[in-house]
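Report on the structure given below.
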Amino acid sequence: MTTHGFTLTADGPFDFGASLRFVEDWPATSALPSDGRALRFAYCAESDWRPIGVTVTAAPGGVAVATTRAPGPGIRGEVARILSLDVDGAGFAKLGAADPVLDDLQRLRPGLRPVCFWSPWEAACWAVIVQRSSMLAAARIKQRIAERFGAEVEMDGRAYAAFPPPVTLVDAGGLGLPAQKEEWLRGLARAALDGVLTTEHLRSLAPEEALAELRALPGVGPFSAGLILIRGAGAPDAFPGDEPRLFAILREAYELAEDAPPAAYRRLAETWRPYRSWASFLFRATSYGVMDNRDETPAGSHD
């Protein structure tokens with residue numbers, strides 16, 4: 001099989017090993033095999049919605065990327081977004097000088113950057129699938145949808161199922177989900193085909209505008225909108241307006257009052273600009289020593 005390669009260089013601190021460890025514990029990627037050295041996945045690139053296999057390994061100053069078809073600038077940008085290498089992270093390292101609490105986390109998890117979903121479309125589907133469901137059950141359903149409706153890509157002698165593109169799900173039924181969720185997914189597919197659920201579109205808007213537009217989509221509430229923008233489109237400077245789990249983490253970390261209003265958390269996050277998303281991710285991923293990436297949506301809730 002012919003492969004194509006390119007490298008991505010990190011501006012600012014970056015630890016690919018930390019990204020790998022995060023992926024190993026992330027329910028959304030629980031179906032991926034891991035050897036502790038490479039990140040391998042298949043997805044439908046939003047640049048053309050065709051399936052592609054990707055293998056990422058560490059390289060001096062960044063990562064080496066091998067793909068199963070010629071990447072082009074669009075796919076290069078997508079892989080960079082997935083690993084948050086499309087953002088100059090030098091300034092993030094400096095934020096700790098003014099925030100001892102954040103500084104402690106940066107020292108604990110040096111070089112950890114947000115790891116994103118393969119596309120905002122896939123993040124939106126995950127947000128719907130996981131509502132009122134456990135993380136592991138949602139991951140199994142998402143994997144079954146990929147295996148039944150998505151394309152299979154072979155890498156290193158192993159088959160990987162790519163989550164289907166929106167055109168495949170726009171009229172699909174029998175996804176193994178409640179009828180309401182299946183209708184929501186079809187609505188999200190229509191939005192993706194209209195260009196709403198793309199990185200380029202979402203990151204062209206101010207974060208508040210993007211969140212408002214996402215909340216207007218079927219099945220997407222405040223929590224899901226933040227997930228799609230931050231962990232889907234990889235927007236580096238957005239702060240979720242309603243995320244009880246994150247607020248609880250920050251309340252403990254900064255010793256805020258139990259009844260602190262959302263505005264108090266937003267004021268706190270102002271000091272993290274232009275990396276509010278990165279700081280929020282670091283708090284969630286670390287939770288003061290306890291990995292928190294199993295909590296991608298409020299347990300048992302519907303937002």
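In the structure tokens, chains take letters A, B, ... by order of appearance, with residues numbered from 1 within each chain and ligands from 1 in the order shown.
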Neighbours of range 98-101 of chain A within 8 Å (only C-alpha atoms; same-chain residues fewer than 3 positions away dropped), as an MDAnalysis selection string?
chainID A and resid 94:95 104:105 253:254
Sel. of helix (DSSP H, G or I) residues, range 86-261 of chain A, as a PyMOL selection string
chain A and resi 90-95+100-108+120-129+135-149+166-169+179-193+199-204+207-215+222-232+244-254
At a cut-off of 8 Å, using only C-alpha atoms, what residues contact Ala161 in chain A? Leave out same-chain residues fewer than 5 positions from it and give the result as a short mmCIF file (atom, residue, chain, number, x, y, z; two decimals) with N, CA, C and O atoms, in the first residue's frame.
```
data_model
loop_
_atom_site.label_atom_id
_atom_site.label_comp_id
_atom_site.auth_asym_id
_atom_site.auth_seq_id
_atom_site.Cartn_x
_atom_site.Cartn_y
_atom_site.Cartn_z
N ALA A 42 -8.82 6.31 11.21
CA ALA A 42 -9.41 6.57 9.90
C ALA A 42 -10.59 7.51 10.09
O ALA A 42 -11.31 7.42 11.09
N TYR A 43 -10.77 8.40 9.16
CA TYR A 43 -11.89 9.33 9.25
C TYR A 43 -12.22 9.84 7.85
O TYR A 43 -11.46 9.60 6.90
N GLN A 143 -19.03 3.17 17.28
CA GLN A 143 -18.19 2.25 16.52
C GLN A 143 -19.03 1.36 15.61
O GLN A 143 -18.66 1.09 14.46
N ALA A 146 -19.97 3.27 12.60
CA ALA A 146 -18.83 3.37 11.70
C ALA A 146 -18.63 2.08 10.91
O ALA A 146 -18.38 2.11 9.70
N GLU A 147 -18.76 0.95 11.58
CA GLU A 147 -18.54 -0.33 10.92
C GLU A 147 -19.64 -0.65 9.92
O GLU A 147 -19.39 -1.27 8.89
N GLY A 150 -19.81 3.24 7.55
CA GLY A 150 -18.60 3.93 7.14
C GLY A 150 -17.71 3.08 6.25
O GLY A 150 -17.98 1.90 5.99
N ALA A 151 -16.65 3.68 5.76
CA ALA A 151 -15.69 2.97 4.91
C ALA A 151 -14.61 2.34 5.77
O ALA A 151 -14.33 2.78 6.88
N GLU A 152 -14.02 1.29 5.23
CA GLU A 152 -12.94 0.60 5.92
C GLU A 152 -11.61 0.99 5.28
O GLU A 152 -11.48 0.97 4.06
N VAL A 153 -10.66 1.36 6.11
CA VAL A 153 -9.33 1.75 5.63
C VAL A 153 -8.30 0.83 6.28
O VAL A 153 -8.35 0.60 7.49
#
```
Contacts of range 10-26 of chain A within 7 Å, only C-alpha atoms, excl. fewer than 3 positions in-chain, as a ChimeraX atom specification:
/A:29-30,36,39,58,61-62,85,88-90,111-113,115,293-294
Those same residues, written as an mmCIF file, in the first residue's frame with N, CA and C atoms?
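Below you can see selection.cif, which holds the result:
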```
data_model
loop_
_atom_site.group_PDB
_atom_site.id
_atom_site.type_symbol
_atom_site.label_atom_id
_atom_site.label_comp_id
_atom_site.auth_asym_id
_atom_site.auth_seq_id
_atom_site.Cartn_x
_atom_site.Cartn_y
_atom_site.Cartn_z
ATOM 1 N N THR A 29 -12.401 7.423 21.567
ATOM 2 C CA THR A 29 -11.412 6.714 20.744
ATOM 3 C C THR A 29 -11.077 5.346 21.338
ATOM 4 N N SER A 30 -11.973 4.819 22.141
ATOM 5 C CA SER A 30 -11.681 3.568 22.848
ATOM 6 C C SER A 30 -11.516 2.374 21.920
ATOM 7 N N GLY A 36 1.356 2.523 22.195
ATOM 8 C CA GLY A 36 2.107 3.494 22.961
ATOM 9 C C GLY A 36 3.098 4.311 22.162
ATOM 10 N N LEU A 39 -0.336 6.966 16.872
ATOM 11 C CA LEU A 39 -1.769 7.194 16.843
ATOM 12 C C LEU A 39 -2.245 6.871 15.435
ATOM 13 N N ALA A 58 5.910 10.397 16.827
ATOM 14 C CA ALA A 58 6.710 11.520 17.303
ATOM 15 C C ALA A 58 7.852 11.808 16.335
ATOM 16 N N GLY A 61 10.623 18.065 17.363
ATOM 17 C CA GLY A 61 9.903 19.326 17.253
ATOM 18 C C GLY A 61 8.457 19.214 16.863
ATOM 19 N N GLY A 62 7.922 17.996 16.748
ATOM 20 C CA GLY A 62 6.531 17.848 16.350
ATOM 21 C C GLY A 62 6.168 16.413 16.102
ATOM 22 N N LEU A 85 -1.937 21.486 16.731
ATOM 23 C CA LEU A 85 -0.662 21.993 16.231
ATOM 24 C C LEU A 85 -0.858 23.128 15.238
ATOM 25 N N ASP A 88 -0.133 28.502 17.635
ATOM 26 C CA ASP A 88 1.142 28.802 18.293
ATOM 27 C C ASP A 88 0.918 28.730 19.796
ATOM 28 N N GLY A 89 1.522 27.739 20.431
ATOM 29 C CA GLY A 89 1.305 27.521 21.855
ATOM 30 C C GLY A 89 2.316 28.184 22.765
ATOM 31 N N ALA A 90 3.220 28.990 22.212
ATOM 32 C CA ALA A 90 4.253 29.602 23.047
ATOM 33 C C ALA A 90 3.637 30.484 24.126
ATOM 34 N N GLY A 111 3.331 20.203 28.001
ATOM 35 C CA GLY A 111 3.191 19.909 26.573
ATOM 36 C C GLY A 111 1.894 19.251 26.165
ATOM 37 N N LEU A 112 0.942 19.072 27.095
ATOM 38 C CA LEU A 112 -0.342 18.480 26.721
ATOM 39 C C LEU A 112 -1.219 19.548 26.078
ATOM 40 N N ARG A 113 -1.584 19.309 24.836
ATOM 41 C CA ARG A 113 -2.501 20.188 24.122
ATOM 42 C C ARG A 113 -3.825 19.459 23.904
ATOM 43 N N VAL A 115 -6.635 17.372 22.409
ATOM 44 C CA VAL A 115 -6.792 16.402 21.327
ATOM 45 C C VAL A 115 -8.249 16.492 20.886
ATOM 46 N N ASN A 293 -11.328 12.796 31.402
ATOM 47 C CA ASN A 293 -11.819 12.771 30.036
ATOM 48 C C ASN A 293 -12.864 11.690 29.790
ATOM 49 N N ARG A 294 -13.335 11.042 30.848
ATOM 50 C CA ARG A 294 -14.462 10.123 30.687
ATOM 51 C C ARG A 294 -15.791 10.841 30.848
#
```
Of A:Ala28, A:Ser119, A:Gly157, A:Phe223, the one sitting nearest Met135 in chain A when using only C-alpha atoms is A:Ala28
DSSP on the backbone: which residues in range 94-278 of chain A end up as strand (DSSP E or B)? Give the answer as a PDB file with C-alpha atoms, in the first residue's frame.
```
ATOM      1  CA  GLU A 152     -12.940   0.597   5.923  1.00  0.00           C
ATOM      2  CA  VAL A 153      -9.335   1.745   5.629  1.00  0.00           C
ATOM      3  CA  GLU A 154      -6.381  -0.609   6.021  1.00  0.00           C
ATOM      4  CA  MET A 155      -3.230   0.523   7.772  1.00  0.00           C
ATOM      5  CA  ARG A 158      -5.272  -3.776  10.224  1.00  0.00           C
ATOM      6  CA  ALA A 159      -8.683  -2.459   9.168  1.00  0.00           C
ATOM      7  CA  TYR A 160     -10.001   0.769  10.661  1.00  0.00           C
ATOM      8  CA  ALA A 161     -13.597   1.926  10.261  1.00  0.00           C
TER       9      ALA A 161
END
```
Under the rule of at most 9 Å, produce a per-residue listing of range 56-168 of chain A near range 188-212 of chain A: chain, number, name, the closest pair of atoms, and the distance in Å, as a Markdown table, using only C-alpha atoms.
```
| residue | atom | partner | partner_atom | distance |
| --- | --- | --- | --- | --- |
| A:Glu78 | CA | A:Thr199 | CA | 8.6 |
| A:Arg81 | CA | A:Thr199 | CA | 8.9 |
| A:Ser119 | CA | A:Thr198 | CA | 7.5 |
| A:Pro120 | CA | A:Leu197 | CA | 5.7 |
| A:Trp121 | CA | A:Leu197 | CA | 5.6 |
| A:Ala124 | CA | A:Leu188 | CA | 7.3 |
| A:Cys125 | CA | A:Leu188 | CA | 7.5 |
| A:Pro165 | CA | A:Ala189 | CA | 8.0 |
| A:Pro166 | CA | A:Ala189 | CA | 4.4 |
| A:Val167 | CA | A:Ala189 | CA | 6.7 |
| A:Thr168 | CA | A:Ala189 | CA | 8.3 |
```
Considering only C-alpha atoms, return as a VMD selection string whatever protein or nucleic-acid residues lie within 9 Å of Gly176 in chain A, sequence-local ones (same chain, fewer than 5 positions apart) excluded.
chain A and resid 141 144 to 145 182
Output file for the residues above (C-alpha atoms, as a PDB file, in the first residue's frame):
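Now in part10.pdb:
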```
ATOM      1  CA  ILE A 141     -22.734   2.545  19.360  1.00  0.00           C
ATOM      2  CA  ARG A 144     -21.078   0.082  15.265  1.00  0.00           C
ATOM      3  CA  ILE A 145     -22.329   2.969  13.121  1.00  0.00           C
ATOM      4  CA  GLU A 182     -31.641   9.292  14.814  1.00  0.00           C
TER       5      GLU A 182
END
```
Identify which of the residues A:Leu169, A:Ser280, A:Phe6, A:Gly241 lies closest to Ala264 in chain A, counting only C-alpha atoms when measuring atom-to-atom distances.
A:Gly241
Residues within 9 Å of Ala45 in chain A, please, as a PyMOL selection string. Count only C-alpha atoms; anything in the same chain fewer than 3 positions from it doesn't count.
chain A and resi 48-52+74-75+78+118-119+165
From the list A:Trp184, A:Phe283, A:Phe149, A:Trp272, which residue is nearest Ile129 in chain A when using only C-alpha atoms?
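Using only C-alpha atoms, Ile129 in chain A sits closest to A:Trp184.
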